[in-house]
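Structure record follows, encoded as structure tokens.
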Amino acid sequence: MDPKEGKGLDGTFAYDWSPPSVNRNNTLLTAALRFNEPLPLKIHNTMSLGYVRNNLSSQFLPPGMPAFKTEQGVEFNTLLDPLPMLLLQPVVQYYANVGGGAQRAVVFGFRTKVEF
């Protein structure tokens, strides 16, 4: 991809619903923005920001357990293409109400892709 030709902003949005008696993940909402070529580099680069919200059905709780809280997550990542065969993608994610409880989590990661 030519960095001068691929500039811009992409967006995605999705909503999935299942009856609460059929699926533990009752509703799922995802939304994201991707900025193409935000850095003034000669290599292909993108930055992405995503959000996910997952409502869990209380019908799948064992008796006597408190109701699930809505899971939420935010992710930021950047994709760099330094070589024709190599993609690098550092990522940070934050989750609230992990598993429907009150826990929080932060995840730092690094994705790579090598094509031959």
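Every chain in the structure tokens has a letter given in the order shown (A, B, ...), and although residue numbers restart at 1 in each chain, ligands are simply numbered from 1 in the order shown.
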
Note to self: Neighbouring residues of range 9-26 of chain A were defined as those with any atom within 7 Å, considering only C-alpha atoms; residues of the same chain fewer than 2 positions away were excluded. Please report them as a PyMOL selection string.
What the structure shows: chain A and resi 28-36+54-57+59-60

Checklist line | All strand (DSSP E) positions in chain A, as an MDAnalysis selection string | finding: chainID A and resid 8:17 25:36 44:56 71:83 86:96 104:114

Next item on the list: Check the smallest atom-to-atom distance from each of A:Leu61, A:Lys7, A:Lys113, A:Gly101 to Leu83 in chain A using only C-alpha atoms, then report the winner.
Entry: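 Nearest to Leu83 in chain A: A:Lys113.
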
Margin query: Need the shell around Val74 in chain A: protein/DNA/RNA residues with any atom at most 10 Å away, counting only C-alpha atoms. Skip same-chain ones fewer than 4 positions apart. Format as a PyMOL selection string?
Written below: chain A and resi 30-32+49-53+92-96+106

Next item on the list: Calculate how many Å separate CA of Phe116 in chain A from CA of Ile43 in chain A, rounding to one decimal.
Entry: 18.7 Å

Check: Looking at A:Thr46, A:Leu39, A:Gln72, A:Pro84, which one is nearest to Thr27 in chain A, with distances taken over only C-alpha atoms?
Finding: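 Closest to Thr27 in chain A, using only C-alpha atoms: A:Gln72.
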
Notebook entry, point to check: Between A:Thr70, A:Thr112, A:Asn45, A:Gln103, which is the closest to Leu88 in chain A once you count only C-alpha atoms?
Noted result: A:Thr112

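From CA of Leu79 in chain A back to CA of Phe108 in chain A, the distance works out to 14.5 Å.
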
Item checked: Test item: residues at most 9 Å from Leu86 in chain A, only C-alpha atoms, excluding those fewer than 4 positions along its chain, as a PyMOL selection string -> chain A and resi 80-82+112-115

File of the preceding selection, C-alpha atoms, as an mmCIF file, in the first residue's frame:
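Dumped to out-v6.cif:
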```cif
data_model
loop_
_atom_site.group_PDB
_atom_site.id
_atom_site.type_symbol
_atom_site.label_atom_id
_atom_site.label_comp_id
_atom_site.auth_asym_id
_atom_site.auth_seq_id
_atom_site.Cartn_x
_atom_site.Cartn_y
_atom_site.Cartn_z
ATOM 1 C CA LEU A 80 3.657 -0.835 11.396
ATOM 2 C CA ASP A 81 4.878 -2.385 8.142
ATOM 3 C CA PRO A 82 8.684 -1.852 8.291
ATOM 4 C CA THR A 112 3.579 -9.968 14.520
ATOM 5 C CA LYS A 113 2.996 -11.378 11.076
ATOM 6 C CA VAL A 114 5.691 -12.700 8.769
ATOM 7 C CA GLU A 115 4.763 -13.545 5.182
#
```

Margin query: Considering only C-alpha atoms, can you say which of A:Gly6, A:Gly100, A:Leu41, A:Val107 comes closest to Ser58 in chain A?
Written below: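 With only C-alpha atoms as the atom set, the closest residue is A:Gly100.
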